[in-house]
$ cat coords-v1.txt   # compact mmCIF, C-alpha atoms
# COMPACT_ATOMS: atom_id res chain seq x y z
CA MET M 1 -26.83 -5.85 -25.43
CA ARG M 2 -28.30 -6.73 -22.06
CA MET M 3 -31.56 -8.59 -21.67
CA PRO M 4 -34.12 -6.39 -19.88
CA PRO M 5 -35.57 -7.82 -16.65
CA PHE M 6 -38.76 -9.89 -16.78
CA THR M 7 -40.46 -12.60 -14.75
CA LEU M 8 -40.23 -16.04 -16.37
CA HIS M 9 -43.06 -18.52 -15.80
CA ASN M 10 -42.47 -22.25 -16.47
CA PRO M 11 -45.79 -24.14 -16.54
CA ASN M 12 -45.63 -27.95 -16.68
CA ASN M 13 -48.71 -28.48 -18.84
CA LEU M 14 -51.14 -26.64 -21.08
CA GLU M 15 -53.78 -26.12 -18.40
CA GLU M 16 -51.26 -24.49 -16.08
CA ALA M 17 -49.96 -22.28 -18.89
CA LEU M 18 -53.45 -21.03 -19.71
CA GLN M 19 -54.21 -20.38 -16.04
CA ILE M 20 -51.08 -18.25 -15.68
CA ALA M 21 -52.02 -16.35 -18.82
CA ALA M 22 -55.56 -15.79 -17.54
CA LYS M 23 -54.32 -14.43 -14.21
CA LEU M 24 -51.92 -12.03 -15.92
CA THR M 25 -54.64 -10.90 -18.32
CA ASP M 26 -57.14 -10.33 -15.48
CA SER M 27 -54.57 -8.23 -13.60
CA GLU M 28 -53.80 -6.29 -16.81
CA GLU M 29 -50.19 -7.46 -16.80
CA ASP M 30 -48.53 -7.67 -20.22
CA PHE M 31 -46.81 -10.93 -21.16
CA ASP M 32 -45.35 -12.86 -24.07
CA TRP M 33 -45.33 -16.57 -24.85
CA VAL M 34 -41.88 -17.96 -25.62
CA ALA M 35 -41.42 -21.21 -27.55
CA GLY M 36 -37.95 -21.66 -29.07
CA GLY M 37 -37.07 -18.02 -28.40
CA THR M 38 -35.08 -17.60 -31.61
CA ASP M 39 -36.98 -14.42 -32.53
CA LEU M 40 -38.41 -13.16 -29.24
CA LEU M 41 -35.20 -13.16 -27.21
CA PRO M 42 -33.10 -11.23 -29.77
CA ASN M 43 -35.94 -8.70 -29.96
CA TYR M 44 -35.89 -8.36 -26.18
CA LYS M 45 -32.16 -7.66 -26.30
CA TRP M 46 -32.95 -4.81 -28.70
CA HIS M 47 -35.71 -3.65 -26.33
CA LEU M 48 -38.43 -4.25 -28.89
CA ASN M 49 -41.86 -4.31 -27.22
CA VAL M 50 -40.56 -5.91 -24.03
CA LYS M 51 -43.14 -7.33 -21.60
CA LYS M 52 -42.81 -7.70 -17.82
CA HIS M 53 -43.77 -11.39 -17.90
CA VAL M 54 -42.80 -14.25 -20.23
CA ILE M 55 -44.50 -17.66 -20.19
CA SER M 56 -42.28 -20.49 -21.45
CA LEU M 57 -43.90 -23.44 -23.26
CA ALA M 58 -40.77 -25.61 -23.10
CA ARG M 59 -42.30 -28.06 -20.56
CA VAL M 60 -45.74 -28.30 -22.17
CA SER M 61 -45.45 -31.78 -23.69
CA GLU M 62 -48.98 -31.71 -25.17
CA LEU M 63 -47.71 -29.37 -27.88
CA ASN M 64 -45.03 -31.75 -29.22
CA GLU M 65 -47.14 -34.23 -31.19
CA LEU M 66 -46.23 -34.72 -34.84
CA SER M 67 -48.03 -36.95 -37.35
CA LYS M 68 -49.17 -36.74 -40.97
CA THR M 69 -52.28 -34.78 -39.97
CA HIS M 70 -51.24 -33.15 -36.66
CA ILE M 71 -48.39 -30.68 -36.11
CA GLY M 72 -47.93 -29.45 -32.54
CA ALA M 73 -46.96 -25.85 -31.95
CA MET M 74 -43.79 -26.88 -30.08
CA VAL M 75 -42.53 -29.25 -32.78
CA ARG M 76 -39.00 -28.15 -33.64
CA LEU M 77 -38.36 -27.05 -37.20
CA HIS M 78 -35.54 -29.57 -37.51
CA ASP M 79 -37.90 -32.40 -36.52
CA LEU M 80 -40.52 -31.17 -38.98
CA ALA M 81 -37.93 -31.02 -41.77
CA THR M 82 -36.58 -34.53 -41.13
CA SER M 83 -39.69 -36.49 -40.13
CA ASP M 84 -41.13 -39.13 -42.46
CA SER M 85 -44.59 -37.86 -41.44
CA THR M 86 -44.02 -34.42 -42.97
CA HIS M 87 -45.27 -33.56 -46.45
CA PRO M 88 -42.23 -33.17 -48.76
CA VAL M 89 -42.94 -29.55 -49.69
CA LEU M 90 -43.50 -28.59 -46.04
CA ALA M 91 -40.26 -30.38 -45.14
CA LYS M 92 -38.42 -28.35 -47.79
CA ALA M 93 -39.85 -25.09 -46.45
CA ALA M 94 -38.89 -26.04 -42.88
CA ASP M 95 -35.40 -26.99 -43.98
CA SER M 96 -34.97 -23.57 -45.63
CA VAL M 97 -35.49 -21.69 -42.36
CA ALA M 98 -32.38 -19.95 -41.04
CA SER M 99 -29.52 -22.25 -40.01
CA VAL M 100 -29.41 -25.75 -38.55
CA LEU M 101 -28.81 -24.37 -35.05
CA ILE M 102 -31.88 -22.15 -35.33
CA ARG M 103 -33.98 -25.03 -36.64
CA HIS M 104 -33.03 -27.16 -33.64
CA SER M 105 -34.49 -24.46 -31.35
CA GLY M 106 -37.18 -22.77 -33.45
CA THR M 107 -40.71 -24.17 -33.40
CA VAL M 108 -43.66 -24.46 -35.76
CA GLY M 109 -45.86 -22.22 -33.61
CA GLY M 110 -43.12 -19.63 -33.33
CA ASN M 111 -42.65 -19.60 -37.09
CA ILE M 112 -46.36 -19.22 -37.77
CA CYS M 113 -46.65 -16.40 -35.20
CA LEU M 114 -43.37 -14.75 -36.21
CA ASP M 115 -43.35 -11.03 -35.53
CA THR M 116 -43.40 -8.88 -38.65
CA ARG M 117 -40.11 -7.29 -39.62
CA CYS M 118 -38.95 -3.91 -40.93
CA TYR M 119 -35.52 -2.34 -41.03
CA TRP M 120 -36.86 0.71 -39.22
CA PHE M 121 -38.09 -1.57 -36.44
CA ASN M 122 -35.54 -4.37 -36.07
CA GLN M 123 -32.81 -2.11 -34.71
CA SER M 124 -31.38 -1.28 -31.32
CA GLU M 125 -33.18 1.10 -28.96
CA GLN M 126 -30.41 3.68 -29.40
CA TRP M 127 -30.75 3.52 -33.20
CA ARG M 128 -34.56 3.91 -33.08
CA GLU M 129 -34.27 6.85 -30.71
CA SER M 130 -31.92 8.57 -33.15
CA ILE M 131 -34.67 8.60 -35.82
CA ASP M 132 -37.39 9.70 -33.38
CA TRP M 133 -38.68 6.16 -32.91
CA CYS M 134 -40.88 3.84 -34.95
CA HIS M 135 -44.67 3.57 -35.00
CA LYS M 136 -44.67 -0.23 -34.54
CA CYS M 137 -42.45 -0.36 -31.48
CA ASP M 138 -42.74 3.03 -29.86
CA CYS M 139 -46.32 4.03 -30.68
CA GLY M 140 -46.71 5.67 -27.27
CA THR M 141 -44.55 8.50 -28.61
CA ASP M 142 -46.94 9.09 -31.54
CA ALA M 143 -44.07 8.27 -33.88
CA ASP M 144 -44.75 8.32 -37.60
CA CYS M 145 -44.31 5.31 -39.86
CA ARG M 146 -40.87 5.53 -41.51
CA VAL M 147 -41.88 3.46 -44.53
CA ILE M 148 -45.03 5.37 -45.50
CA GLN M 149 -44.68 8.76 -43.90
CA ASN M 150 -47.48 10.95 -42.58
CA GLN M 151 -49.60 7.99 -41.55
CA ASN M 152 -49.57 6.09 -38.29
CA THR M 153 -52.85 4.21 -38.54
CA ARG M 154 -51.50 0.88 -39.85
CA CYS M 155 -48.10 -0.76 -39.70
CA VAL M 156 -46.70 -2.16 -42.96
CA ALA M 157 -43.95 -4.32 -41.43
CA THR M 158 -43.43 -7.51 -43.45
CA TYR M 159 -44.32 -11.08 -42.48
CA GLN M 160 -41.20 -13.15 -43.23
CA ALA M 161 -41.84 -16.75 -42.21
CA ASP M 162 -41.60 -19.81 -44.46
CA LEU M 163 -44.12 -22.40 -43.26
CA ALA M 164 -47.39 -20.52 -43.66
CA PRO M 165 -47.68 -20.46 -47.48
CA VAL M 166 -47.14 -24.22 -47.79
CA LEU M 167 -49.56 -24.97 -44.94
CA MET M 168 -52.16 -22.67 -46.50
CA CYS M 169 -51.86 -24.52 -49.82
CA LEU M 170 -52.27 -27.84 -47.97
CA GLY M 171 -55.51 -26.60 -46.43
CA ALA M 172 -54.24 -26.48 -42.85
CA THR M 173 -56.49 -25.61 -39.92
CA ILE M 174 -54.98 -23.77 -36.96
CA HIS M 175 -56.18 -24.52 -33.42
CA LEU M 176 -56.10 -21.98 -30.58
CA ALA M 177 -56.68 -22.31 -26.85
CA SER M 178 -57.23 -20.02 -23.88
CA ALA M 179 -58.70 -20.33 -20.39
CA GLU M 180 -62.07 -19.54 -21.98
CA GLY M 181 -61.96 -22.49 -24.38
CA THR M 182 -60.72 -23.48 -27.82
CA ARG M 183 -61.41 -22.38 -31.37
CA SER M 184 -60.22 -23.35 -34.85
CA MET M 185 -60.11 -21.74 -38.28
CA PRO M 186 -58.48 -22.15 -41.69
CA LEU M 187 -54.91 -20.89 -41.47
CA ASN M 188 -55.71 -18.33 -44.16
CA ASP M 189 -58.13 -16.65 -41.71
CA PHE M 190 -55.59 -16.49 -38.88
CA PHE M 191 -53.61 -13.51 -40.18
CA GLU M 192 -54.62 -9.83 -40.12
CA LEU M 193 -53.27 -7.20 -42.50
CA ASP M 194 -51.56 -5.07 -39.88
CA GLY M 195 -47.90 -5.37 -39.00
CA MET M 196 -48.61 -4.62 -35.34
CA LYS M 197 -51.62 -6.88 -34.67
CA ARG M 198 -50.47 -9.60 -37.11
CA ASN M 199 -53.09 -12.24 -36.30
CA VAL M 200 -56.36 -12.92 -34.50
CA LEU M 201 -54.85 -14.18 -31.24
CA LYS M 202 -56.54 -12.68 -28.19
CA SER M 203 -54.84 -11.88 -24.90
CA GLY M 204 -54.16 -15.13 -23.05
CA GLU M 205 -54.60 -17.26 -26.18
CA LEU M 206 -51.99 -19.44 -27.87
CA VAL M 207 -51.59 -21.78 -30.83
CA THR M 208 -51.77 -25.44 -29.78
CA HIS M 209 -51.40 -27.21 -33.14
CA LEU M 210 -52.21 -27.30 -36.82
CA SER M 211 -54.14 -30.07 -38.51
CA LEU M 212 -54.02 -31.20 -42.13
CA PRO M 213 -56.83 -32.95 -44.01
CA GLU M 214 -56.49 -36.61 -44.93
CA GLY M 215 -54.99 -37.17 -48.35
CA THR M 216 -52.50 -34.30 -48.33
CA ILE M 217 -49.88 -36.68 -49.69
CA GLU M 218 -51.78 -36.53 -53.00
CA TRP M 219 -50.63 -32.94 -53.39
CA LYS M 220 -47.32 -32.35 -55.11
CA GLY M 221 -45.47 -29.07 -55.45
CA ASP M 222 -42.53 -26.90 -54.57
CA TYR M 223 -41.45 -23.99 -52.40
CA GLN M 224 -39.08 -21.38 -53.80
CA LYS M 225 -37.42 -18.68 -51.72
CA LEU M 226 -35.48 -15.47 -52.33
CA ARG M 227 -32.95 -14.55 -49.64
CA GLN M 228 -29.59 -12.87 -49.32
CA ARG M 229 -27.68 -15.99 -48.25
CA GLU M 230 -28.31 -19.72 -48.44
CA SER M 231 -28.75 -19.92 -44.68
CA TRP M 232 -29.88 -17.75 -41.81
CA ASP M 233 -31.77 -15.05 -43.73
CA PHE M 234 -35.51 -14.43 -43.68
CA PRO M 235 -37.30 -14.74 -47.05
CA GLU M 236 -37.39 -11.57 -49.12
CA ALA M 237 -39.99 -13.45 -51.14
CA GLY M 238 -41.33 -16.98 -50.94
CA VAL M 239 -43.70 -18.83 -53.29
CA ALA M 240 -45.43 -22.14 -52.60
CA VAL M 241 -47.17 -23.91 -55.49
CA LEU M 242 -49.04 -27.18 -54.89
CA TRP M 243 -51.16 -29.19 -57.30
CA ARG M 244 -53.22 -32.36 -57.46
CA ILE M 245 -54.25 -34.24 -60.62
CA ASP M 246 -57.08 -36.75 -60.23
CA SER M 247 -57.80 -39.89 -62.25
CA ASN M 248 -59.77 -37.84 -64.79
CA ALA M 249 -56.72 -35.58 -65.38
CA SER M 250 -58.54 -32.72 -63.61
CA LEU M 251 -56.09 -30.21 -62.13
CA ASP M 252 -56.41 -28.55 -58.73
CA LEU M 253 -53.85 -25.77 -58.16
CA ARG M 254 -52.96 -23.60 -55.16
CA VAL M 255 -50.43 -20.78 -54.84
CA ALA M 256 -49.40 -18.77 -51.77
CA THR M 257 -46.67 -16.20 -51.08
CA THR M 258 -44.75 -14.86 -48.09
CA GLY M 259 -42.20 -12.14 -47.34
CA LEU M 260 -44.02 -9.56 -49.44
CA GLU M 261 -46.73 -8.00 -47.25
CA SER M 262 -47.80 -7.92 -43.60
CA ILE M 263 -49.44 -11.34 -44.03
CA PRO M 264 -48.82 -14.45 -46.14
CA LYS M 265 -51.25 -14.53 -49.03
CA LEU M 266 -53.22 -17.33 -50.69
CA HIS M 267 -53.75 -16.51 -54.38
CA ALA M 268 -56.94 -18.49 -55.04
CA ASN M 269 -58.30 -16.30 -57.84
CA GLU M 270 -55.05 -16.34 -59.80
CA ALA M 271 -54.69 -20.13 -59.44
CA ASN M 272 -58.30 -20.78 -60.45
CA ALA M 273 -57.92 -18.56 -63.52
CA ALA M 274 -54.84 -20.49 -64.61
CA VAL M 275 -56.67 -23.83 -64.28
CA SER M 276 -59.81 -22.64 -66.08
CA GLU M 277 -57.80 -21.53 -69.11
CA TRP M 278 -55.04 -24.11 -68.93
CA ASN M 279 -52.64 -24.02 -71.86
CA GLY M 280 -49.40 -25.44 -70.56
CA GLU M 281 -46.45 -23.05 -70.41
CA ASP M 282 -48.58 -20.08 -71.43
CA SER M 283 -50.81 -20.62 -68.40
CA ILE M 284 -47.77 -20.78 -66.12
CA SER M 285 -46.47 -17.53 -67.59
CA ASN M 286 -49.85 -15.87 -67.09
CA LEU M 287 -50.06 -17.21 -63.54
CA ALA M 288 -46.60 -15.91 -62.70
CA GLU M 289 -47.45 -12.48 -64.06
CA ALA M 290 -50.75 -12.43 -62.17
CA ILE M 291 -48.97 -13.25 -58.90
CA ARG M 292 -46.43 -10.48 -59.59
CA LYS M 293 -49.21 -7.97 -60.03
CA SER M 294 -51.05 -9.17 -56.92
CA VAL M 295 -48.29 -8.70 -54.34
CA LYS M 296 -47.54 -5.29 -52.83
CA PRO M 297 -44.14 -5.18 -51.12
CA VAL M 298 -42.87 -1.94 -49.59
CA GLN M 299 -39.40 -0.53 -49.02
CA ASN M 300 -38.66 -2.04 -45.62
CA THR M 301 -36.45 -5.07 -46.29
CA TRP M 302 -33.06 -5.60 -47.89
CA TYR M 303 -34.17 -5.82 -51.54
CA ALA M 304 -36.14 -3.15 -53.38
CA PRO M 305 -39.88 -3.76 -53.88
CA SER M 306 -39.50 -3.75 -57.68
CA TYR M 307 -36.88 -6.51 -57.52
CA ARG M 308 -38.93 -8.61 -55.09
CA ARG M 309 -41.97 -8.39 -57.36
CA LYS M 310 -39.83 -9.33 -60.37
CA MET M 311 -38.44 -12.32 -58.48
CA VAL M 312 -41.93 -13.46 -57.43
CA LYS M 313 -42.61 -14.09 -61.12
CA VAL M 314 -39.37 -16.03 -61.46
CA LEU M 315 -40.00 -18.06 -58.30
CA THR M 316 -43.53 -18.95 -59.41
CA ARG M 317 -42.26 -20.28 -62.73
CA ARG M 318 -39.55 -22.29 -60.96
CA ALA M 319 -42.07 -23.78 -58.53
CA CYS M 320 -44.26 -24.90 -61.46
CA VAL M 321 -41.54 -26.86 -63.27
CA GLY M 322 -42.71 -30.16 -61.78
CA LEU M 323 -46.30 -29.43 -62.79
CA LEU M 324 -45.35 -28.92 -66.43
CA GLU M 325 -43.31 -32.12 -66.37
CA GLU M 326 -46.21 -34.09 -64.91
CA LEU M 327 -48.68 -32.77 -67.49
CA SER M 328 -46.38 -33.15 -70.49

$ encode --input "coords-v1.txt" --output "structure tokens"
Amino acid sequence: MRMPPFTLHNPNNLEEALQIAAKLTDSEEDFDWVAGGTDLLPNYKWHLNVKKHVISLARVSELNELSKTHIGAMVRLHDLATSDSTHPVLAKAADSVASVLIRHSGTVGGNICLDTRCYWFNQSEQWRESIDWCHKCDCGTDADCRVIQNQNTRCVATYQADLAPVLMCLGATIHLASAEGTRSMPLNDFFELDGMKRNVLKSGELVTHLSLPEGTIEWKGDYQKLRQRESWDFPEAGVAVLWRIDSNASLDLRVATTGLESIPKLHANEANAAVSEWNGEDSISNLAEAIRKSVKPVQNTWYAPSYRRKMVKVLTRRACVGLLEELS
């Protein structure tokens, strides 16, 4: 597959990158940001939503900072997984992404902003043409959604990235920048339930970094993932469970999932219900069942929705093993 032609811009700092983006936006020129390129460039080879301009962030050194409370958007997944500054559960999630070669190129910002996936979408141009196109990629043709037919108002492509659920449980804040200024929000508010729009980023805006509150090391937990193979594959389901027990034996519990809908999901109500009626293993079983009922996967990835929901329950119980041990 040949890469389609595009103009590559290589800014040397963040200010220059934002100025290029502003000029392209003002002239109504479409563009993409490229970080590690492990997802964008294969999509371009398949002619998936190709833009005429691509702005590389490879030289923007301001986005490389990594500490216990600051994670730059251009931090490589390998560095995140192996750094002593990284929370252990976040390191495990980063280490589960794809293969070691991908992790050496892929970035935190790229993983957070990963394009949603669907087996009607992530195919070659020739394949998509043979089925009369796909609503997500070829919406100019008024193509119907192949997953839920007779509707083309909202895309149900699945968000399949690993870092977001752990970061949401850790209370991460995401920071955005454009030529117009900066803004920040809880990571949970960054995503939008639409497989085409995906998040709240505006034209010309990018993710600069994520910040974590002080004291995140007090949180313990686990990240469990369902995938076809032990490397390379995107999560068919992912469950992050984190907890904190204070000196008065009071439990704080957070649960988030990925790979099951068009956004990662923080399950605050289900976690709070489990804590309010805590009864050891019975509470974990009830929590796992509540998470299973909450998620709504569709038939657009390798495994059937029924199996993915069943495995969410299993993954939740597995992720809570350490909690039961600590409270026993």

$ residues_near_point --input "coords-v1.txt" --point "(-43.9, -13.2, -44.8)" --cutoff "6 Å" --atoms "only C-alpha atoms" --output "short mmCIF file (atom, residue, chain, number, x, y, z; two decimals) with C-alpha atoms, in the frame of the given file"
data_model
loop_
_atom_site.label_atom_id
_atom_site.label_comp_id
_atom_site.auth_asym_id
_atom_site.auth_seq_id
_atom_site.Cartn_x
_atom_site.Cartn_y
_atom_site.Cartn_z
CA THR M 158 -43.43 -7.51 -43.45
CA TYR M 159 -44.32 -11.08 -42.48
CA GLN M 160 -41.20 -13.15 -43.23
CA ALA M 161 -41.84 -16.75 -42.21
CA THR M 258 -44.75 -14.86 -48.09
CA GLY M 259 -42.20 -12.14 -47.34
CA LEU M 260 -44.02 -9.56 -49.44
CA ILE M 263 -49.44 -11.34 -44.03
CA PRO M 264 -48.82 -14.45 -46.14
#

$ closest_residue --input "coords-v1.txt" --among "M:Asp252, M:Asp95, M:Asp222, M:Asp32" --to "Arg317 of chain M" --atoms "only C-alpha atoms"
M:Asp222

$ residues_around --input "coords-v1.txt" --residues "segment 67-79 of chain M" --least-positions-apart "5" --cutoff "8 Å" --atoms "only C-alpha atoms" --output "PDB file with C-alpha atoms, in the frame of the given file"
ATOM      1  CA  ALA M  35     -41.420 -21.210 -27.550  1.00  0.00           C
ATOM      2  CA  GLY M  36     -37.950 -21.660 -29.070  1.00  0.00           C
ATOM      3  CA  LEU M  57     -43.900 -23.440 -23.260  1.00  0.00           C
ATOM      4  CA  ALA M  58     -40.770 -25.610 -23.100  1.00  0.00           C
ATOM      5  CA  GLU M  62     -48.980 -31.710 -25.170  1.00  0.00           C
ATOM      6  CA  SER M  85     -44.590 -37.860 -41.440  1.00  0.00           C
ATOM      7  CA  THR M  86     -44.020 -34.420 -42.970  1.00  0.00           C
ATOM      8  CA  HIS M  87     -45.270 -33.560 -46.450  1.00  0.00           C
ATOM      9  CA  ALA M  94     -38.890 -26.040 -42.880  1.00  0.00           C
ATOM     10  CA  ASP M  95     -35.400 -26.990 -43.980  1.00  0.00           C
ATOM     11  CA  VAL M  97     -35.490 -21.690 -42.360  1.00  0.00           C
ATOM     12  CA  VAL M 100     -29.410 -25.750 -38.550  1.00  0.00           C
ATOM     13  CA  ARG M 103     -33.980 -25.030 -36.640  1.00  0.00           C
ATOM     14  CA  HIS M 104     -33.030 -27.160 -33.640  1.00  0.00           C
ATOM     15  CA  SER M 105     -34.490 -24.460 -31.350  1.00  0.00           C
ATOM     16  CA  GLY M 106     -37.180 -22.770 -33.450  1.00  0.00           C
ATOM     17  CA  THR M 107     -40.710 -24.170 -33.400  1.00  0.00           C
ATOM     18  CA  VAL M 108     -43.660 -24.460 -35.760  1.00  0.00           C
ATOM     19  CA  GLY M 109     -45.860 -22.220 -33.610  1.00  0.00           C
ATOM     20  CA  GLY M 110     -43.120 -19.630 -33.330  1.00  0.00           C
ATOM     21  CA  VAL M 207     -51.590 -21.780 -30.830  1.00  0.00           C
ATOM     22  CA  THR M 208     -51.770 -25.440 -29.780  1.00  0.00           C
ATOM     23  CA  HIS M 209     -51.400 -27.210 -33.140  1.00  0.00           C
ATOM     24  CA  LEU M 210     -52.210 -27.300 -36.820  1.00  0.00           C
ATOM     25  CA  SER M 211     -54.140 -30.070 -38.510  1.00  0.00           C
ATOM     26  CA  LEU M 212     -54.020 -31.200 -42.130  1.00  0.00           C
ATOM     27  CA  PRO M 213     -56.830 -32.950 -44.010  1.00  0.00           C
ATOM     28  CA  GLU M 214     -56.490 -36.610 -44.930  1.00  0.00           C
TER      29      GLU M 214
END

$ residues_around --input "coords-v1.txt" --residues "Trp120 of chain M" --least-positions-apart "6" --cutoff "9 Å" --atoms "all atoms listed in the file" --output "PDB file with C-alpha atoms, in the coordinates of the input"
ATOM      1  CA  ARG M 128     -34.560   3.910 -33.080  1.00  0.00           C
ATOM      2  CA  ILE M 131     -34.670   8.600 -35.820  1.00  0.00           C
ATOM      3  CA  TRP M 133     -38.680   6.160 -32.910  1.00  0.00           C
ATOM      4  CA  CYS M 134     -40.880   3.840 -34.950  1.00  0.00           C
ATOM      5  CA  CYS M 145     -44.310   5.310 -39.860  1.00  0.00           C
ATOM      6  CA  ARG M 146     -40.870   5.530 -41.510  1.00  0.00           C
ATOM      7  CA  VAL M 147     -41.880   3.460 -44.530  1.00  0.00           C
ATOM      8  CA  ALA M 157     -43.950  -4.320 -41.430  1.00  0.00           C
ATOM      9  CA  ASN M 300     -38.660  -2.040 -45.620  1.00  0.00           C
TER      10      ASN M 300
END

$ closest_atom_pairs --input "coords-v1.txt" --of "segment 159-246 of chain M" --to "segment 17-20 of chain M" --cutoff "12 Å" --atoms "all atoms listed in the file" --output "CSV"
residue,atom,partner,partner_atom,distance
M:Leu176,CA,M:Leu18,CA,11.2
M:Ala177,CA,M:Leu18,CA,7.9
M:Ser178,CA,M:Leu18,CA,5.7
M:Ala179,CA,M:Leu18,CA,5.3
M:Glu180,CA,M:Leu18,CA,9.0
M:Gly181,CA,M:Leu18,CA,9.8
M:Thr182,CA,M:Leu18,CA,11.2
M:Ser203,CA,M:Leu18,CA,10.6
M:Gly204,CA,M:Leu18,CA,6.8
M:Glu205,CA,M:Leu18,CA,7.6
M:Leu206,CA,M:Leu18,CA,8.4
M:Val207,CA,M:Leu18,CA,11.3
M:Thr208,CA,M:Leu18,CA,11.1

$ decode --input "coords-v1.txt" --residues "segment 136-169 of chain M" --atoms "C-alpha atoms" --output "PDB file, in the first residue's frame"
ATOM      1  CA  LYS M 136     -17.041   6.934   9.715  1.00  0.00           C
ATOM      2  CA  CYS M 137     -14.527   7.211   6.911  1.00  0.00           C
ATOM      3  CA  ASP M 138     -16.544   7.972   3.809  1.00  0.00           C
ATOM      4  CA  CYS M 139     -19.437  10.017   5.193  1.00  0.00           C
ATOM      5  CA  GLY M 140     -19.412  12.245   2.107  1.00  0.00           C
ATOM      6  CA  THR M 141     -21.037   9.344   0.253  1.00  0.00           C
ATOM      7  CA  ASP M 142     -23.920   9.211   2.764  1.00  0.00           C
ATOM      8  CA  ALA M 143     -22.867   5.665   3.602  1.00  0.00           C
ATOM      9  CA  ASP M 144     -24.831   3.815   6.243  1.00  0.00           C
ATOM     10  CA  CYS M 145     -23.298   2.470   9.446  1.00  0.00           C
ATOM     11  CA  ARG M 146     -22.444  -1.209   8.930  1.00  0.00           C
ATOM     12  CA  VAL M 147     -22.679  -2.067  12.622  1.00  0.00           C
ATOM     13  CA  ILE M 148     -26.107  -0.572  13.340  1.00  0.00           C
ATOM     14  CA  GLN M 149     -27.805  -0.308   9.997  1.00  0.00           C
ATOM     15  CA  ASN M 150     -30.295   2.339   8.907  1.00  0.00           C
ATOM     16  CA  GLN M 151     -28.689   5.027  11.028  1.00  0.00           C
ATOM     17  CA  ASN M 152     -25.847   7.354  10.133  1.00  0.00           C
ATOM     18  CA  THR M 153     -26.180   9.949  12.863  1.00  0.00           C
ATOM     19  CA  ARG M 154     -23.555   8.571  15.278  1.00  0.00           C
ATOM     20  CA  CYS M 155     -20.552   6.331  14.811  1.00  0.00           C
ATOM     21  CA  VAL M 156     -20.182   3.399  17.225  1.00  0.00           C
ATOM     22  CA  ALA M 157     -16.527   2.592  16.471  1.00  0.00           C
ATOM     23  CA  THR M 158     -14.724   1.381  19.602  1.00  0.00           C
ATOM     24  CA  TYR M 159     -12.058   3.185  21.638  1.00  0.00           C
ATOM     25  CA  GLN M 160      -9.260   0.636  22.145  1.00  0.00           C
ATOM     26  CA  ALA M 161      -6.429   2.292  24.067  1.00  0.00           C
ATOM     27  CA  ASP M 162      -4.961   1.124  27.372  1.00  0.00           C
ATOM     28  CA  LEU M 163      -3.757   4.171  29.313  1.00  0.00           C
ATOM     29  CA  ALA M 164      -6.985   6.131  29.727  1.00  0.00           C
ATOM     30  CA  PRO M 165      -8.799   3.911  32.273  1.00  0.00           C
ATOM     31  CA  VAL M 166      -5.828   3.851  34.655  1.00  0.00           C
ATOM     32  CA  LEU M 167      -5.261   7.601  34.313  1.00  0.00           C
ATOM     33  CA  MET M 168      -8.961   8.250  34.932  1.00  0.00           C
ATOM     34  CA  CYS M 169      -8.819   6.179  38.127  1.00  0.00           C
TER      35      CYS M 169
END
